[in-house]
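Have a look at run_39.txt; it's compact mmCIF, C-alpha atoms:
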# COMPACT_ATOMS: atom_id res chain seq x y z
CA MET L 1 106.95 98.21 82.65
CA SER L 2 106.63 94.53 81.76
CA ASP L 3 103.38 92.64 82.37
CA ASN L 4 105.41 89.90 84.06
CA PRO L 5 104.16 89.79 87.69
CA LEU L 6 107.66 89.15 89.07
CA VAL L 7 109.05 92.11 87.14
CA LYS L 8 106.27 94.30 88.53
CA LEU L 9 107.21 93.11 91.98
CA LEU L 10 111.01 93.16 91.81
CA GLY L 11 111.84 95.48 88.94
CA GLU L 12 113.55 94.68 85.65
CA THR L 13 116.78 93.36 87.16
CA VAL L 14 118.38 92.01 90.31
CA ILE L 15 122.10 91.38 90.79
CA ASP L 16 124.30 88.30 90.96
CA GLY L 17 127.26 87.69 93.26
CA GLU L 18 129.47 89.90 91.10
CA LYS L 19 126.87 92.70 91.20
CA LYS L 20 126.04 92.22 87.53
CA PRO L 21 122.42 92.81 86.50
CA VAL L 22 120.28 89.75 85.87
CA SER L 23 116.92 89.90 84.11
CA VAL L 24 114.04 89.09 86.46
CA ALA L 25 111.94 87.99 83.48
CA ASP L 26 114.60 85.35 82.71
CA LEU L 27 114.56 84.11 86.31
CA ALA L 28 110.78 83.82 86.49
CA GLY L 29 108.70 81.22 84.72
CA GLU L 30 106.31 78.29 84.83
CA GLY L 31 107.14 75.63 87.40
CA LYS L 32 109.66 77.80 89.26
CA SER L 33 109.65 78.68 92.94
CA VAL L 34 110.94 82.17 93.69
CA CYS L 35 112.20 82.63 97.26
CA LEU L 36 112.55 86.13 98.71
CA TYR L 37 115.01 85.93 101.58
CA PHE L 38 114.54 88.82 104.03
CA SER L 39 117.66 88.84 106.16
CA ALA L 40 120.52 90.96 107.53
CA HIS L 41 124.09 90.50 108.69
CA TRP L 42 123.43 92.16 112.08
CA CYS L 43 120.70 89.59 112.90
CA PRO L 44 122.04 86.47 114.75
CA PRO L 45 119.09 84.22 113.79
CA CYS L 46 119.68 85.22 110.16
CA ARG L 47 123.34 84.30 110.31
CA ALA L 48 122.38 80.96 111.89
CA PHE L 49 119.79 80.18 109.20
CA THR L 50 121.71 81.35 106.12
CA PRO L 51 124.20 78.41 106.07
CA LYS L 52 121.30 75.94 106.41
CA PHE L 53 119.45 77.63 103.58
CA ALA L 54 122.62 77.68 101.48
CA ASP L 55 123.07 73.92 102.01
CA PHE L 56 119.49 73.35 100.91
CA TYR L 57 119.98 75.63 97.90
CA LYS L 58 123.14 73.86 96.77
CA ALA L 59 121.57 70.42 97.21
CA VAL L 60 118.63 71.38 94.99
CA LYS L 61 120.80 73.13 92.41
CA ALA L 62 122.88 69.94 92.05
CA ARG L 63 119.82 68.10 90.72
CA GLU L 64 120.08 69.31 87.10
CA GLU L 65 116.57 70.09 85.78
CA VAL L 66 115.07 70.37 89.26
CA GLY L 67 117.73 72.88 90.26
CA LYS L 68 116.65 75.26 87.49
CA LYS L 69 113.29 75.65 89.19
CA LEU L 70 114.69 77.24 92.35
CA VAL L 71 115.31 80.98 92.33
CA THR L 72 116.35 82.91 95.44
CA ILE L 73 116.65 86.66 95.87
CA PHE L 74 118.16 88.25 98.98
CA VAL L 75 116.19 91.26 100.27
CA SER L 76 118.49 93.00 102.70
CA SER L 77 117.75 94.75 105.96
CA ASP L 78 121.43 95.59 106.44
CA ARG L 79 122.34 99.05 107.66
CA SER L 80 125.05 99.89 105.17
CA GLN L 81 126.29 98.96 101.73
CA ASN L 82 129.45 97.48 103.27
CA ASP L 83 127.42 95.21 105.56
CA PHE L 84 125.31 94.14 102.60
CA ASP L 85 128.38 93.41 100.47
CA SER L 86 130.02 91.38 103.22
CA TYR L 87 126.91 89.32 103.91
CA PHE L 88 125.95 88.80 100.27
CA LYS L 89 129.37 87.28 99.57
CA GLU L 90 128.32 84.31 101.71
CA MET L 91 125.26 83.64 99.54
CA PRO L 92 125.09 81.60 96.31
CA TRP L 93 121.98 83.36 94.93
CA HIS L 94 120.80 86.74 93.63
CA ALA L 95 119.90 89.93 95.49
CA LEU L 96 117.80 93.05 95.24
CA PRO L 97 120.30 95.93 94.97
CA PHE L 98 120.95 97.38 98.40
CA ASP L 99 120.17 100.94 97.33
CA ASP L 100 116.66 100.00 96.16
CA ARG L 101 115.28 100.80 99.62
CA ASP L 102 111.83 101.84 98.40
CA ARG L 103 111.24 98.49 96.76
CA LYS L 104 112.56 96.68 99.82
CA GLU L 105 110.04 98.53 102.01
CA LYS L 106 107.20 97.78 99.60
CA LEU L 107 108.09 94.09 99.59
CA SER L 108 108.21 94.02 103.38
CA ARG L 109 104.77 95.64 103.57
CA LYS L 110 103.26 93.45 100.88
CA PHE L 111 104.36 90.22 102.54
CA LYS L 112 103.85 91.50 106.11
CA VAL L 113 107.41 90.80 107.15
CA GLN L 114 107.42 91.40 110.89
CA GLY L 115 110.80 89.91 111.70
CA ILE L 116 113.84 88.37 110.09
CA PRO L 117 114.89 85.95 108.82
CA THR L 118 111.76 85.48 106.74
CA LEU L 119 111.62 83.32 103.63
CA VAL L 120 108.71 84.12 101.30
CA VAL L 121 108.01 81.63 98.52
CA LEU L 122 106.22 82.75 95.34
CA ASP L 123 104.95 80.95 92.28
CA GLY L 124 107.44 81.81 89.54
CA ALA L 125 104.82 82.20 86.83
CA THR L 126 102.10 84.17 88.61
CA GLY L 127 103.97 85.82 91.46
CA ARG L 128 101.34 84.56 93.85
CA LEU L 129 102.25 83.70 97.41
CA VAL L 130 102.89 80.04 98.19
CA THR L 131 103.94 80.67 101.78
CA SER L 132 105.53 83.39 103.88
CA ASN L 133 106.91 80.73 106.21
CA GLY L 134 109.46 79.17 103.88
CA ARG L 135 111.74 78.47 106.83
CA SER L 136 109.39 75.67 107.83
CA LEU L 137 109.70 74.19 104.35
CA ILE L 138 113.47 74.08 104.77
CA ALA L 139 113.14 72.62 108.27
CA ASP L 140 110.76 69.89 107.03
CA ASP L 141 112.70 69.19 103.83
CA PRO L 142 116.36 70.17 104.45
CA GLU L 143 117.65 68.26 101.41
CA GLY L 144 114.93 69.49 99.06
CA LYS L 145 113.54 66.03 98.33
CA ASP L 146 110.02 67.43 97.90
CA PHE L 147 111.14 70.35 95.76
CA PRO L 148 109.69 71.87 93.59
CA TRP L 149 107.06 72.68 96.13
CA ARG L 150 103.49 72.72 94.90
CA GLN L 151 100.73 74.34 96.89
CA LYS L 152 98.29 71.54 97.63
CA THR L 153 94.60 72.27 97.80
CA PHE L 154 92.76 72.10 101.08
CA GLU L 155 90.87 69.03 99.86
CA GLU L 156 94.12 67.22 99.07
CA ILE L 157 95.50 67.78 102.56
CA VAL L 158 92.42 66.90 104.61
CA GLY L 159 91.34 64.14 102.23
CA GLY L 160 93.32 61.49 104.08
CA PRO L 161 92.26 59.52 107.14
CA LEU L 162 90.99 61.27 110.26
CA ILE L 163 90.32 59.92 113.75
CA ASP L 164 87.55 60.34 116.29
CA ASN L 165 88.21 61.08 119.96
CA LYS L 166 88.43 57.35 120.71
CA GLY L 167 91.33 56.98 118.26
CA THR L 168 89.25 55.13 115.65
CA GLU L 169 90.07 55.93 112.04
CA VAL L 170 87.19 57.60 110.20
CA SER L 171 86.70 58.74 106.64
CA SER L 172 86.98 62.35 105.53
CA SER L 173 84.37 61.81 102.81
CA ASP L 174 81.58 63.47 104.82
CA LEU L 175 83.46 66.79 104.63
CA LYS L 176 82.38 67.22 101.01
CA GLY L 177 79.86 69.98 100.47
CA LYS L 178 80.33 71.38 103.97
CA SER L 179 82.14 74.26 105.58
CA VAL L 180 85.05 72.99 107.63
CA ALA L 181 86.54 74.65 110.71
CA ILE L 182 90.17 73.82 111.50
CA TYR L 183 91.11 74.17 115.17
CA PHE L 184 94.82 74.68 115.79
CA SER L 185 95.30 74.13 119.50
CA ALA L 186 97.27 72.29 122.21
CA HIS L 187 96.82 71.01 125.74
CA TRP L 188 99.88 72.92 127.02
CA CYS L 189 98.40 76.28 125.86
CA PRO L 190 96.26 78.00 128.58
CA PRO L 191 94.32 80.25 126.13
CA CYS L 192 93.49 77.10 124.14
CA ARG L 193 92.15 75.28 127.19
CA ALA L 194 90.10 78.37 128.08
CA PHE L 195 88.56 78.61 124.59
CA THR L 196 87.94 74.89 123.93
CA PRO L 197 84.84 74.60 126.21
CA ASP L 198 83.24 77.53 124.36
CA LEU L 199 84.01 75.90 121.03
CA ILE L 200 82.52 72.59 122.21
CA LYS L 201 79.29 74.38 123.17
CA PHE L 202 79.18 76.13 119.81
CA TYR L 203 79.81 72.90 117.90
CA GLU L 204 77.25 70.82 119.77
CA LYS L 205 74.63 73.53 119.37
CA ASN L 206 75.24 74.43 115.74
CA HIS L 207 77.20 71.94 113.65
CA GLU L 208 74.15 70.07 112.29
CA LYS L 209 72.08 73.20 111.83
CA LEU L 210 74.92 74.99 110.01
CA ASN L 211 76.13 71.87 108.14
CA PHE L 212 79.78 72.20 109.10
CA GLU L 213 82.47 69.92 110.48
CA LEU L 214 85.46 70.63 112.69
CA ILE L 215 88.96 69.16 112.63
CA PHE L 216 91.50 69.42 115.46
CA VAL L 217 95.11 70.01 114.38
CA SER L 218 97.33 69.47 117.39
CA SER L 219 100.46 71.28 118.49
CA ASP L 220 100.81 68.97 121.49
CA ARG L 221 104.32 67.75 122.27
CA GLU L 222 103.43 64.28 123.56
CA GLU L 223 100.87 61.80 122.27
CA ASP L 224 99.48 61.23 125.76
CA GLN L 225 98.69 64.96 126.04
CA PHE L 226 97.07 64.85 122.61
CA LYS L 227 94.87 61.90 123.60
CA GLU L 228 93.85 63.48 126.90
CA TYR L 229 93.00 66.83 125.29
CA PHE L 230 91.32 65.43 122.17
CA GLY L 231 89.30 63.07 124.36
CA THR L 232 87.26 66.08 125.50
CA MET L 233 86.38 67.11 121.95
CA PRO L 234 83.34 65.83 119.97
CA TRP L 235 84.84 66.29 116.50
CA LYS L 236 87.55 64.73 114.32
CA ALA L 237 91.32 65.24 114.22
CA ILE L 238 94.38 64.78 112.08
CA PRO L 239 96.21 61.79 113.66
CA PHE L 240 98.93 62.89 116.07
CA ASP L 241 101.70 61.10 114.17
CA ASP L 242 100.69 62.53 110.77
CA LYS L 243 103.23 65.32 111.07
CA LYS L 244 103.34 66.02 107.35
CA ARG L 245 99.66 66.92 107.06
CA VAL L 246 99.83 68.95 110.27
CA ALA L 247 102.78 70.92 108.86
CA GLU L 248 101.02 71.41 105.51
CA LEU L 249 97.92 72.84 107.17
CA LYS L 250 99.99 75.14 109.36
CA ARG L 251 101.81 76.42 106.29
CA MET L 252 98.63 76.79 104.26
CA PHE L 253 97.03 79.03 106.88
CA GLU L 254 100.22 80.78 108.01
CA VAL L 255 99.70 79.71 111.63
CA GLN L 256 101.76 81.95 113.89
CA GLY L 257 100.05 81.32 117.21
CA ILE L 258 97.33 79.27 118.89
CA PRO L 259 94.46 78.94 119.51
CA LEU L 260 93.46 79.62 115.93
CA LEU L 261 90.12 78.68 114.36
CA VAL L 262 90.13 78.78 110.57
CA VAL L 263 86.93 78.36 108.54
CA VAL L 264 87.02 77.02 104.98
CA GLY L 265 83.96 77.10 102.72
CA PRO L 266 82.44 74.14 100.84
CA ASP L 267 84.55 75.19 97.83
CA GLY L 268 87.76 74.63 99.80
CA LYS L 269 88.55 78.36 99.91
CA LEU L 270 89.46 80.25 103.07
CA VAL L 271 86.59 82.23 104.57
CA THR L 272 88.23 83.53 107.75
CA LYS L 273 91.12 82.93 110.10
CA ASN L 274 89.25 84.70 112.88
CA GLY L 275 86.70 82.02 113.71
CA ARG L 276 87.59 82.35 117.38
CA ALA L 277 86.07 85.83 117.40
CA GLY L 278 83.03 84.47 115.57
CA VAL L 279 82.40 81.86 118.26
CA SER L 280 82.76 84.48 120.99
CA SER L 281 80.62 87.20 119.39
CA ASP L 282 78.08 85.01 117.55
CA PRO L 283 77.40 81.92 119.73
CA ASP L 284 74.22 81.09 117.78
CA GLY L 285 76.08 81.13 114.46
CA ASN L 286 73.73 83.64 112.86
CA ASP L 287 76.54 85.06 110.68
CA PHE L 288 78.47 81.79 110.21
CA PRO L 289 80.91 81.25 108.45
CA TRP L 290 81.84 84.80 109.39
CA ALA L 291 83.13 86.09 106.07
CA PRO L 292 84.83 89.43 106.81
CA LYS L 293 82.70 92.42 105.94
CA PRO L 294 84.27 94.99 103.60
CA VAL L 295 83.96 97.64 106.33
CA GLN L 296 83.91 96.38 109.90
CA LYS L 297 83.24 97.96 113.26
CA LEU L 298 86.31 98.08 115.48
CA THR L 299 85.55 95.89 118.48
CA SER L 300 87.42 93.56 120.79
CA HIS L 301 86.56 90.73 118.37
CA THR L 302 87.81 92.43 115.19
CA ALA L 303 90.77 94.45 116.54
CA SER L 304 93.29 91.65 115.89
CA ALA L 305 93.23 92.60 112.19
CA VAL L 306 95.01 95.85 113.04
CA ASN L 307 98.08 93.82 114.00
CA GLU L 308 97.99 91.77 110.82
CA SER L 309 97.40 94.23 107.99
CA PRO L 310 97.39 97.95 107.19
CA CYS L 311 94.01 99.35 108.22
CA LEU L 312 92.07 102.48 107.36
CA ILE L 313 90.10 103.52 110.44
CA TYR L 314 87.56 106.29 110.87
CA PHE L 315 87.40 107.34 114.53
CA THR L 316 84.30 109.19 115.64
CA GLU L 317 82.22 109.66 118.77
CA ASP L 318 78.91 109.32 116.91
CA GLU L 319 77.57 106.00 115.58
CA ALA L 320 75.34 107.79 113.05
CA ASP L 321 78.45 109.53 111.71
CA ALA L 322 80.22 106.16 111.58
CA GLU L 323 77.36 104.69 109.53
CA LYS L 324 77.68 107.48 106.95
CA ALA L 325 81.42 106.86 106.80
CA ARG L 326 80.84 103.13 106.24
CA GLU L 327 78.66 103.92 103.24
CA ALA L 328 81.38 106.15 101.78
CA MET L 329 84.12 103.59 102.43
CA MET L 330 82.19 100.58 101.13
CA PRO L 331 82.88 100.91 97.36
CA VAL L 332 86.61 101.36 97.96
CA ALA L 333 86.71 98.44 100.40
CA LYS L 334 84.81 96.14 98.01
CA LYS L 335 87.22 96.99 95.19
CA GLU L 336 90.20 96.15 97.40
CA ILE L 337 88.63 92.75 98.14
CA ASP L 338 87.77 92.09 94.48
CA ASP L 339 91.30 93.03 93.35
CA ALA L 340 92.79 90.75 96.01
CA LYS L 341 90.63 87.80 94.92
CA LYS L 342 91.70 88.26 91.31
CA ALA L 343 95.35 88.26 92.39
CA GLY L 344 94.86 85.28 94.71
CA GLU L 345 96.05 87.34 97.67
CA ASP L 346 94.79 88.84 100.90
CA PRO L 347 93.45 92.42 100.67
CA ARG L 348 96.23 94.98 100.95
CA ILE L 349 94.28 97.04 103.47
CA CYS L 350 91.29 96.57 105.81
CA PHE L 351 88.59 99.11 106.59
CA PHE L 352 87.06 99.99 109.97
CA THR L 353 84.88 102.52 111.70
CA ALA L 354 85.49 103.11 115.39
CA ALA L 355 82.62 104.54 117.42
CA PRO L 356 81.98 103.61 121.07
CA ASP L 357 79.08 101.16 121.23
CA ASP L 358 79.57 99.44 124.59
CA ASP L 359 82.11 99.50 127.42
CA ASP L 360 84.24 96.78 125.81
CA ASP L 361 84.44 98.60 122.47
CA ASP L 362 85.14 101.85 124.27
CA ASP L 363 88.17 100.29 125.96
CA VAL L 364 89.51 98.94 122.64
CA ILE L 365 89.08 102.29 120.89
CA ASP L 366 90.61 104.26 123.78
CA SER L 367 93.56 101.87 123.85
CA LEU L 368 94.19 102.21 120.13
CA THR L 369 93.81 105.99 119.97
CA GLY L 370 96.25 106.22 122.89
CA PHE L 371 98.72 103.90 121.19
CA LEU L 372 98.47 105.93 117.99
CA SER L 373 98.80 109.21 119.95
CA LEU L 374 95.73 110.65 118.22
CA GLY L 375 94.65 112.82 121.14
CA SER L 376 91.02 113.68 121.86
CA LYS L 377 90.18 115.39 118.57
CA MET L 378 87.33 113.64 116.75
CA PRO L 379 86.57 112.62 114.07
CA GLN L 380 89.85 111.42 112.56
CA LEU L 381 90.63 109.34 109.48
CA VAL L 382 93.87 107.37 109.66
CA ILE L 383 95.75 104.51 108.08
CA VAL L 384 97.76 102.50 110.58
CA ASP L 385 100.46 100.08 109.49
CA ILE L 386 101.61 98.19 112.60
CA ASN L 387 104.10 96.16 110.57
CA ASP L 388 105.83 99.37 109.51
CA GLN L 389 105.13 101.02 112.89
CA THR L 390 103.64 104.03 111.12
CA VAL L 391 100.36 105.94 111.27
CA TYR L 392 99.13 108.26 108.50
CA VAL L 393 96.58 110.90 109.53
CA SER L 394 94.36 112.51 106.90
CA ASP L 395 94.17 116.30 106.87
CA ASP L 396 90.44 116.06 106.16
CA ALA L 397 88.21 113.79 108.23
CA ASN L 398 85.10 114.67 106.18
CA VAL L 399 84.75 111.22 104.67
CA THR L 400 83.58 110.82 101.08
CA GLU L 401 84.14 107.97 98.65
CA GLU L 402 86.56 110.04 96.57
CA LYS L 403 88.59 111.14 99.59
CA VAL L 404 88.86 107.57 100.86
CA LYS L 405 89.82 106.35 97.39
CA ALA L 406 92.55 109.00 97.08
CA PHE L 407 93.86 108.40 100.62
CA VAL L 408 94.17 104.66 100.01
CA ALA L 409 95.73 105.13 96.55
CA ASP L 410 98.35 107.49 97.98
CA PHE L 411 99.13 104.93 100.69
CA HIS L 412 99.62 102.14 98.15
CA ASP L 413 101.81 104.42 96.02
CA GLY L 414 103.98 105.44 98.98
CA LYS L 415 103.01 109.10 98.67
CA LEU L 416 101.80 109.64 102.23
CA LYS L 417 103.97 111.10 104.97
CA GLY L 418 103.46 109.17 108.16
CA ARG L 419 104.49 109.39 111.78
CA LYS L 420 106.41 106.61 113.47
CA LEU L 421 104.69 105.06 116.44
CA ARG L 422 106.34 105.37 119.80
CA GLY L 423 108.34 102.38 120.97
This structure in structure tokens:
Amino acid sequence: MSDNPLVKLLGETVIDGEKKPVSVADLAGEGKSVCLYFSAHWCPPCRAFTPKFADFYKAVKAREEVGKKLVTIFVSSDRSQNDFDSYFKEMPWHALPFDDRDRKEKLSRKFKVQGIPTLVVLDGATGRLVTSNGRSLIADDPEGKDFPWRQKTFEEIVGGPLIDNKGTEVSSSDLKGKSVAIYFSAHWCPPCRAFTPDLIKFYEKNHEKLNFELIFVSSDREEDQFKEYFGTMPWKAIPFDDKKRVAELKRMFEVQGIPLLVVVGPDGKLVTKNGRAGVSSDPDGNDFPWAPKPVQKLTSHTASAVNESPCLIYFTEDEADAEKAREAMMPVAKKEIDDAKKAGEDPRICFFTAAPDDDDDDDVIDSLTGFLSLGSKMPQLVIVDINDQTVYVSDDANVTEEKVKAFVADFHDGKLKGRKLRG
């Protein structure tokens, strides 16, 4: 197998409109943007978006040298070869062969595709993710005027003017050397309005002690609502009419819902997207900036990760047993994190122990074991992939480092036999 990261991802060849093989290595390269278009003929939103994407594609391709930098590959969720053939005829780009179902499933898992259409954009030289919300790029730039897209750094985006809650322009220079929390929120959102007072208390109590700043990024629909809502906040904001920077930050952090509190370190690198849980569980900021631990306890504050990524979870009724399991899982979990950092990606799998600690945790664990149909038998070692709606249960719940390592490796290699979750 080639060392080319796109070849490793997509295989040696894809096909063109005449079903002829095309070398992936020839399509990839420095300065190129590779779009993976997850779509299907049976999906009405897909059929509505495909002509818009095709118009964008043709407009970019007409721009000579610039057009050579755009590569698009259709990854089909169609139900038959005939449906695939019919739909692919409408498209001016390449496709993953329909019968390569294993690779299609791996791509869907890797990029956490939870619905279609989804447009994933990769760097053509490294294969690293630029964004999994490419549809927003098309919506913001339908004629491709800003193509080829370059992933800006966090500093570049927030480095422009900010405002205080009186509407006065202020400099962003005092962000340097500090952690920065980005608060994606809106006045019209009830959960946002419920969380904002807690965040204000946390900020006023801790922001000087912890040397961090906070920036409000609004999803408000009217400027009057923005002004009213931001007027209650003691921090800075991206100006309401600076839609480009707002969109860039939402793309950078893959914002799917609000409220969302993202924390970025002094180096401009993401620390966590789960700052909301940090504020709720750690009001004194003792563990700020809340870098995720390699192996976490499953609680009401950490459970959201189960919806976002495959997770290995050790369920037990004994906290001492859970602690031993954490020690066994730790080397495997740390390696997953280290490998992800080297690849510039999120970890492929998260690690948890689940042992009742208080009434709230007990409810979360009971809810999840019920959803996974695990029954009352304890302990159990499982991998749950909500995106794929599948749970994999280990035959041996006697946790050792080697058993965890083998279980995770078999999951990554597609060797495990799982059970589909009930609808």
So that each row is one residue of stretch 35-69 of chain L with an atom at most 7 Å from stretch 137-147 of chain L, can you give its shortest atom pair and the distance in Å to one decimal, using all atoms listed in the file, rows by chain and rising number, as a tab-separated table?
residue	atom	partner	partner_atom	distance
L:Phe56	CA	L:Glu143	CA	5.4
L:Ala59	CA	L:Glu143	CA	6.1
L:Val60	CA	L:Gly144	CA	5.8
**Complete:** Correct to one decimal, the distance atom CA of L:Ala305-atom CA of L:Ala354 is 13.4 Å
**Request:** May I have the protein, DNA and RNA residues with an atom at most 10 Å from (83.0, 96.8, 110.8), counting only C-alpha atoms in the file's coordinates, returned as a VMD selection string?
**Result:** chain L and resid 292 to 299 302 to 303 313 322 to 323 326 350 to 354
**Request:** Have a look at atom CA of L:Trp235 and atom CA of L:Cys189 and let me know their distance in Å, one decimal.
**Result:**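 Pair atom CA of L:Trp235 / atom CA of L:Cys189 returns 19.3 Å.
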**Item:** Separation of atom CA of L:Ser218 from atom CA of L:Phe49, in Å and rounded to one decimal
**Value:**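 Between atom CA of L:Ser218 and atom CA of L:Phe49 the gap works out to 26.2 Å.
Closest approach to L:Lys335 among L:Glu401, L:Asn387, L:Val7, L:Thr72 is made by L:Glu401 (distances from only C-alpha atoms).
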**Long-range neighbours of L:Leu416 as a list in words, 10 Å cut-off, all atoms listed in the file, 3 positions minimum in chain** = Ile383, Val391, Tyr392, Val393, Ser394, Phe407, Val408, Ala409, Asp410, Phe411, His412, Asp413 and Arg419 of chain L
Can I get the residues of stretch 201-273 of chain L within 10 Å of stretch 107-131 of chain L, each with the closest pair of atoms and their distance in Å to one decimal, using only C-alpha atoms, sorted chain first then ascending number, as CSV?
residue,atom,partner,partner_atom,distance
L:Arg251,CA,L:Thr131,CA,6.6
L:Met252,CA,L:Thr131,CA,7.0
L:Phe253,CA,L:Thr131,CA,8.7
L:Glu254,CA,L:Thr131,CA,7.3
